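Colleague: One structure is given below, represented as structure tokens, and several questions about it will come after.
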Amino acid sequence: ALVGPCALPKGSRVLVACSGGPDSLALLHVLAELARGRGLTLCVAHLDHGLRGARGMADARFVARQAAKLGLEARVEALDGRAFLRQHGLAGEDGLRRMRHAFLARAARALKCDAIALGHTADDQAETVLLRLIRGTGLTGLAAMRPRRGRVLRPVLEASRADVLAYLKDRRLRPRRDETNTDPSFRRNVLRADILPRLAHLNPQIARVLASL
């Protein structure tokens, strides 16, 4: 990706969004391995949206430690997520996503970053395709997430979740686990835990097929 759609000129500063979970932790470490050779400077951003109490605070401390170990500047913030959603008339997954993106934009300005790297994988892409099909979409929506949109980069968009876990195991990295990723009140979690495994009975490569679509 760094020599293709996510290529950046030498001297660029990249803000890596890291929740502490498997995908973003792998993204942070693989970019840290590659950054110096490509003349990139990395910074780290983490948002505790205040909805997970002590576990959310522990995630924030974990990401701060990861950044310190790698010698990277970090921006870690805690917000009252419920108050943000009420103030902006938002709710659910989409409201939290908008809150994260607003935080990342602020962090990028504060740290003078040229790009923002997100840890979406091919499995996330497959889920997004299905969500948009279920909602109803045209060709533009069916295209789902792009590897690059403006200054937002998704360098591991073609990597599977299995690739991510293999990388973490190889590097002996232990990610944090967000228990809300199993909450069936979120549509994406239902797809991940129920719908995609059922489709995998018809085609074990269903995630790859949907991502390719």
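A note on labels: chains of the structure tokens are A, B, ... as shown, every chain counts residues from 1, and ligands are counted from 1 in their shown order.
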Contacts of A:Ile206 at 8 Å or less, counting only C-alpha atoms, minus same-chain residues fewer than 5 places along, as a ChimeraX atom specification?
Modeller: /A:196,199-200
Colleague: Extract the full set of strand (DSSP E) residues from stretch 49-165 of chain A according to DSSP on the backbone, and format it as a list in words.
Modeller: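 Output for stretch 49-165 of chain A, strand (DSSP E) only: Glu73, Ala74, Arg75, Val76, Glu77, Ala78, Ala115, Ile116, Ala117, Arg148, Arg149, Val152 and Leu153 of chain A.
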Colleague: Using only C-alpha atoms, can you tell me which of A:Leu70, A:Thr41, A:Ala144, A:Glu33 comes closest to A:Leu131?
Modeller: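 The shortest atom-to-atom distance to A:Leu131 comes from A:Ala144.
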Colleague: Stretch 63-192 of chain A: which residues are alpha helix (DSSP H) by DSSP, as a ChimeraX atom specification?
Modeller: /A:63-69,81-87,92-110,122-135,139-142,161-171,187-190
Colleague: Using only C-alpha atoms, determine which residues lie at most 10 Å from A:Leu51, disregarding the query and same-chain residues fewer than 4 positions distant; provide the list as a list in words.
Modeller: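 The residues satisfying every condition are Arg55, Gly56, Met57, Leu79, Asp80, Gly81, Arg82 and Thr180 of chain A.
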Colleague: Can you tell me, as a PyMOL selection string, what residues are no more than 8 Å from stretch 152-163 of chain A when counting only C-alpha atoms, ignoring any on the same chain fewer than 2 positions away?
Modeller: chain A and resi 1-2+6+23+27+115-123+125+146-150+165-167+208
Colleague: Residues at most 9 Å from stretch 107-111 of chain A, counting only C-alpha atoms, excluding those fewer than 2 positions away in the same chain, as a PDB file with all heavy atoms, in the first residue's frame?
Modeller:
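This is the output file around22.pdb:
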ATOM      1  N   ARG A  13       4.148  13.448   7.837  1.00  0.00           N
ATOM      2  CA  ARG A  13       3.798  13.052   9.206  1.00  0.00           C
ATOM      3  C   ARG A  13       2.453  12.339   9.160  1.00  0.00           C
ATOM      4  O   ARG A  13       1.486  12.849   8.597  1.00  0.00           O
ATOM      5  CB  ARG A  13       3.720  14.275  10.124  1.00  0.00           C
ATOM      6  CG  ARG A  13       5.089  14.911  10.370  1.00  0.00           C
ATOM      7  CD  ARG A  13       4.960  16.222  11.168  1.00  0.00           C
ATOM      8  NE  ARG A  13       4.373  16.029  12.484  1.00  0.00           N
ATOM      9  CZ  ARG A  13       5.077  15.682  13.571  1.00  0.00           C
ATOM     10  NH1 ARG A  13       6.388  15.476  13.479  1.00  0.00           N
ATOM     11  NH2 ARG A  13       4.479  15.549  14.747  1.00  0.00           N
ATOM     12  N   VAL A  14       2.406  11.148   9.755  1.00  0.00           N
ATOM     13  CA  VAL A  14       1.217  10.297   9.678  1.00  0.00           C
ATOM     14  C   VAL A  14       0.663  10.070  11.081  1.00  0.00           C
ATOM     15  O   VAL A  14       1.381   9.605  11.976  1.00  0.00           O
ATOM     16  CB  VAL A  14       1.540   8.937   9.025  1.00  0.00           C
ATOM     17  CG1 VAL A  14       0.271   8.092   8.908  1.00  0.00           C
ATOM     18  CG2 VAL A  14       2.178   9.136   7.653  1.00  0.00           C
ATOM     19  N   LEU A  15      -0.601  10.374  11.269  1.00  0.00           N
ATOM     20  CA  LEU A  15      -1.283  10.107  12.531  1.00  0.00           C
ATOM     21  C   LEU A  15      -1.898   8.714  12.455  1.00  0.00           C
ATOM     22  O   LEU A  15      -2.735   8.446  11.590  1.00  0.00           O
ATOM     23  CB  LEU A  15      -2.386  11.143  12.772  1.00  0.00           C
ATOM     24  CG  LEU A  15      -3.132  11.018  14.105  1.00  0.00           C
ATOM     25  CD1 LEU A  15      -2.223  11.429  15.268  1.00  0.00           C
ATOM     26  CD2 LEU A  15      -4.399  11.869  14.093  1.00  0.00           C
ATOM     27  N   CYS A  43       2.817   9.607  14.425  1.00  0.00           N
ATOM     28  CA  CYS A  43       2.239  10.031  15.703  1.00  0.00           C
ATOM     29  C   CYS A  43       1.066   9.094  15.975  1.00  0.00           C
ATOM     30  O   CYS A  43       0.561   8.437  15.062  1.00  0.00           O
ATOM     31  CB  CYS A  43       1.767  11.479  15.652  1.00  0.00           C
ATOM     32  SG  CYS A  43       3.053  12.680  15.259  1.00  0.00           S
ATOM     33  N   VAL A  44       0.629   9.043  17.212  1.00  0.00           N
ATOM     34  CA  VAL A  44      -0.427   8.109  17.603  1.00  0.00           C
ATOM     35  C   VAL A  44      -1.593   8.880  18.210  1.00  0.00           C
ATOM     36  O   VAL A  44      -1.390   9.837  18.963  1.00  0.00           O
ATOM     37  CB  VAL A  44       0.101   7.082  18.626  1.00  0.00           C
ATOM     38  CG1 VAL A  44      -0.977   6.064  18.986  1.00  0.00           C
ATOM     39  CG2 VAL A  44       1.343   6.366  18.073  1.00  0.00           C
ATOM     40  N   ALA A  45      -2.813   8.444  17.888  1.00  0.00           N
ATOM     41  CA  ALA A  45      -4.007   9.066  18.465  1.00  0.00           C
ATOM     42  C   ALA A  45      -4.926   7.991  19.023  1.00  0.00           C
ATOM     43  O   ALA A  45      -5.138   6.943  18.400  1.00  0.00           O
ATOM     44  CB  ALA A  45      -4.751   9.875  17.406  1.00  0.00           C
ATOM     45  N   GLU A  73       5.243  10.363  19.449  1.00  0.00           N
ATOM     46  CA  GLU A  73       4.375  11.352  20.083  1.00  0.00           C
ATOM     47  C   GLU A  73       2.937  10.859  20.018  1.00  0.00           C
ATOM     48  O   GLU A  73       2.507  10.288  19.007  1.00  0.00           O
ATOM     49  CB  GLU A  73       4.519  12.690  19.363  1.00  0.00           C
ATOM     50  CG  GLU A  73       3.894  13.872  20.073  1.00  0.00           C
ATOM     51  CD  GLU A  73       4.213  15.194  19.400  1.00  0.00           C
ATOM     52  OE1 GLU A  73       4.941  15.194  18.379  1.00  0.00           O
ATOM     53  OE2 GLU A  73       3.726  16.229  19.892  1.00  0.00           O
ATOM     54  N   ALA A  74       2.190  11.065  21.092  1.00  0.00           N
ATOM     55  CA  ALA A  74       0.820  10.557  21.136  1.00  0.00           C
ATOM     56  C   ALA A  74      -0.151  11.615  21.625  1.00  0.00           C
ATOM     57  O   ALA A  74       0.196  12.489  22.418  1.00  0.00           O
ATOM     58  CB  ALA A  74       0.737   9.328  22.041  1.00  0.00           C
ATOM     59  N   ARG A  75      -1.375  11.495  21.140  1.00  0.00           N
ATOM     60  CA  ARG A  75      -2.486  12.337  21.591  1.00  0.00           C
ATOM     61  C   ARG A  75      -3.582  11.405  22.097  1.00  0.00           C
ATOM     62  O   ARG A  75      -4.216  10.689  21.305  1.00  0.00           O
ATOM     63  CB  ARG A  75      -3.004  13.181  20.423  1.00  0.00           C
ATOM     64  CG  ARG A  75      -4.128  14.129  20.788  1.00  0.00           C
ATOM     65  CD  ARG A  75      -3.590  15.464  21.197  1.00  0.00           C
ATOM     66  NE  ARG A  75      -4.619  16.472  21.302  1.00  0.00           N
ATOM     67  CZ  ARG A  75      -4.369  17.756  21.463  1.00  0.00           C
ATOM     68  NH1 ARG A  75      -3.116  18.187  21.539  1.00  0.00           N
ATOM     69  NH2 ARG A  75      -5.341  18.632  21.556  1.00  0.00           N
ATOM     70  N   VAL A  76      -3.783  11.381  23.401  1.00  0.00           N
ATOM     71  CA  VAL A  76      -4.787  10.516  24.012  1.00  0.00           C
ATOM     72  C   VAL A  76      -5.806  11.403  24.707  1.00  0.00           C
ATOM     73  O   VAL A  76      -5.447  12.220  25.554  1.00  0.00           O
ATOM     74  CB  VAL A  76      -4.148   9.540  25.014  1.00  0.00           C
ATOM     75  CG1 VAL A  76      -5.216   8.686  25.698  1.00  0.00           C
ATOM     76  CG2 VAL A  76      -3.118   8.650  24.314  1.00  0.00           C
ATOM     77  N   ALA A 102     -14.015  13.330  14.254  1.00  0.00           N
ATOM     78  CA  ALA A 102     -13.799  14.709  14.707  1.00  0.00           C
ATOM     79  C   ALA A 102     -12.564  14.784  15.598  1.00  0.00           C
ATOM     80  O   ALA A 102     -11.752  15.722  15.488  1.00  0.00           O
ATOM     81  CB  ALA A 102     -15.028  15.217  15.450  1.00  0.00           C
ATOM     82  N   PHE A 103     -12.404  13.813  16.484  1.00  0.00           N
ATOM     83  CA  PHE A 103     -11.208  13.762  17.333  1.00  0.00           C
ATOM     84  C   PHE A 103      -9.942  13.611  16.502  1.00  0.00           C
ATOM     85  O   PHE A 103      -8.938  14.304  16.733  1.00  0.00           O
ATOM     86  CB  PHE A 103     -11.319  12.612  18.326  1.00  0.00           C
ATOM     87  CG  PHE A 103      -9.996  12.175  18.887  1.00  0.00           C
ATOM     88  CD1 PHE A 103      -9.297  12.987  19.777  1.00  0.00           C
ATOM     89  CD2 PHE A 103      -9.432  10.964  18.504  1.00  0.00           C
ATOM     90  CE1 PHE A 103      -8.056  12.598  20.275  1.00  0.00           C
ATOM     91  CE2 PHE A 103      -8.200  10.571  19.004  1.00  0.00           C
ATOM     92  CZ  PHE A 103      -7.507  11.386  19.891  1.00  0.00           C
ATOM     93  N   LEU A 104      -9.965  12.714  15.514  1.00  0.00           N
ATOM     94  CA  LEU A 104      -8.771  12.490  14.688  1.00  0.00           C
ATOM     95  C   LEU A 104      -8.401  13.747  13.902  1.00  0.00           C
ATOM     96  O   LEU A 104      -7.213  14.052  13.737  1.00  0.00           O
ATOM     97  CB  LEU A 104      -9.003  11.316  13.740  1.00  0.00           C
ATOM     98  CG  LEU A 104      -9.086   9.940  14.416  1.00  0.00           C
ATOM     99  CD1 LEU A 104      -9.515   8.877  13.404  1.00  0.00           C
ATOM    100  CD2 LEU A 104      -7.750   9.568  15.052  1.00  0.00           C
ATOM    101  N   ALA A 105      -9.408  14.480  13.445  1.00  0.00           N
ATOM    102  CA  ALA A 105      -9.123  15.736  12.730  1.00  0.00           C
ATOM    103  C   ALA A 105      -8.443  16.736  13.660  1.00  0.00           C
ATOM    104  O   ALA A 105      -7.482  17.403  13.276  1.00  0.00           O
ATOM    105  CB  ALA A 105     -10.416  16.313  12.159  1.00  0.00           C
ATOM    106  N   CYS A 113      -0.002  16.709  11.359  1.00  0.00           N
ATOM    107  CA  CYS A 113       0.110  15.519  10.523  1.00  0.00           C
ATOM    108  C   CYS A 113      -0.521  15.757   9.148  1.00  0.00           C
ATOM    109  O   CYS A 113      -1.524  16.461   9.021  1.00  0.00           O
ATOM    110  CB  CYS A 113      -0.554  14.332  11.202  1.00  0.00           C
ATOM    111  SG  CYS A 113       0.362  13.749  12.652  1.00  0.00           S
ATOM    112  N   ASP A 114       0.082  15.143   8.142  1.00  0.00           N
ATOM    113  CA  ASP A 114      -0.384  15.286   6.763  1.00  0.00           C
ATOM    114  C   ASP A 114      -1.413  14.227   6.387  1.00  0.00           C
ATOM    115  O   ASP A 114      -2.163  14.403   5.422  1.00  0.00           O
ATOM    116  CB  ASP A 114       0.804  15.169   5.792  1.00  0.00           C
ATOM    117  CG  ASP A 114       1.933  16.104   6.165  1.00  0.00           C
ATOM    118  OD1 ASP A 114       1.743  17.330   6.025  1.00  0.00           O
ATOM    119  OD2 ASP A 114       3.010  15.623   6.594  1.00  0.00           O
ATOM    120  N   ALA A 115      -1.417  13.094   7.110  1.00  0.00           N
ATOM    121  CA  ALA A 115      -2.301  11.987   6.777  1.00  0.00           C
ATOM    122  C   ALA A 115      -2.747  11.300   8.059  1.00  0.00           C
ATOM    123  O   ALA A 115      -2.095  11.396   9.095  1.00  0.00           O
ATOM    124  CB  ALA A 115      -1.596  10.998   5.856  1.00  0.00           C
ATOM    125  N   ILE A 116      -3.869  10.605   7.957  1.00  0.00           N
ATOM    126  CA  ILE A 116      -4.417   9.829   9.074  1.00  0.00           C
ATOM    127  C   ILE A 116      -4.555   8.386   8.617  1.00  0.00           C
ATOM    128  O   ILE A 116      -5.214   8.113   7.606  1.00  0.00           O
ATOM    129  CB  ILE A 116      -5.790  10.373   9.507  1.00  0.00           C
ATOM    130  CG1 ILE A 116      -5.678  11.828   9.962  1.00  0.00           C
ATOM    131  CG2 ILE A 116      -6.387   9.511  10.615  1.00  0.00           C
ATOM    132  CD1 ILE A 116      -7.028  12.514  10.191  1.00  0.00           C
TER     133      ILE A 116
END
Colleague: Identify, on the basis of only C-alpha atoms, every residue whose closest approach to A:Ala58 does not exceed 10 Å; exclude the query and any residue fewer than 4 positions from it along the same chain; express the result as a list in words.
Modeller: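 Returned residues: Gly20, Asp48, Arg52, Gly53, Ala54, Phe62, Val63, Ala64 and Arg176 of chain A.
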Colleague: For A:Gly11, work out the shell of residues within 9 Å, counting only C-alpha atoms and skipping chain neighbours fewer than 5 positions away, then give it as a CSV table (one decimal) with N, CA, C and O atoms, in the first residue's frame.
Modeller:
chain,number,residue,atom,x,y,z
A,38,ARG,N,11.0,4.9,4.8
A,38,ARG,CA,10.3,5.6,3.8
A,38,ARG,C,10.2,7.1,4.2
A,38,ARG,O,9.5,7.9,3.5
A,39,GLY,N,11.0,7.5,5.2
A,39,GLY,CA,11.1,8.9,5.5
A,39,GLY,C,9.8,9.5,6.1
A,39,GLY,O,9.5,10.7,6.0
A,40,LEU,N,9.1,8.6,6.8
A,40,LEU,CA,7.8,9.1,7.4
A,40,LEU,C,8.0,9.2,8.9
A,40,LEU,O,8.7,8.5,9.6
A,41,THR,N,7.3,10.2,9.5
A,41,THR,CA,7.2,10.4,11.0
A,41,THR,C,5.8,10.0,11.4
A,41,THR,O,4.8,10.5,10.9
Colleague: Please report the interatomic distance between atom CA of A:Glu77 and atom CA of A:Arg61 in Å with one decimal.
Modeller: 10.7 Å
Colleague: Considering only C-alpha atoms, state which residue in the set A:Leu191, A:Leu168, A:Leu173, A:Val3 is at the smallest distance from A:Gln66.
Modeller: A:Leu173
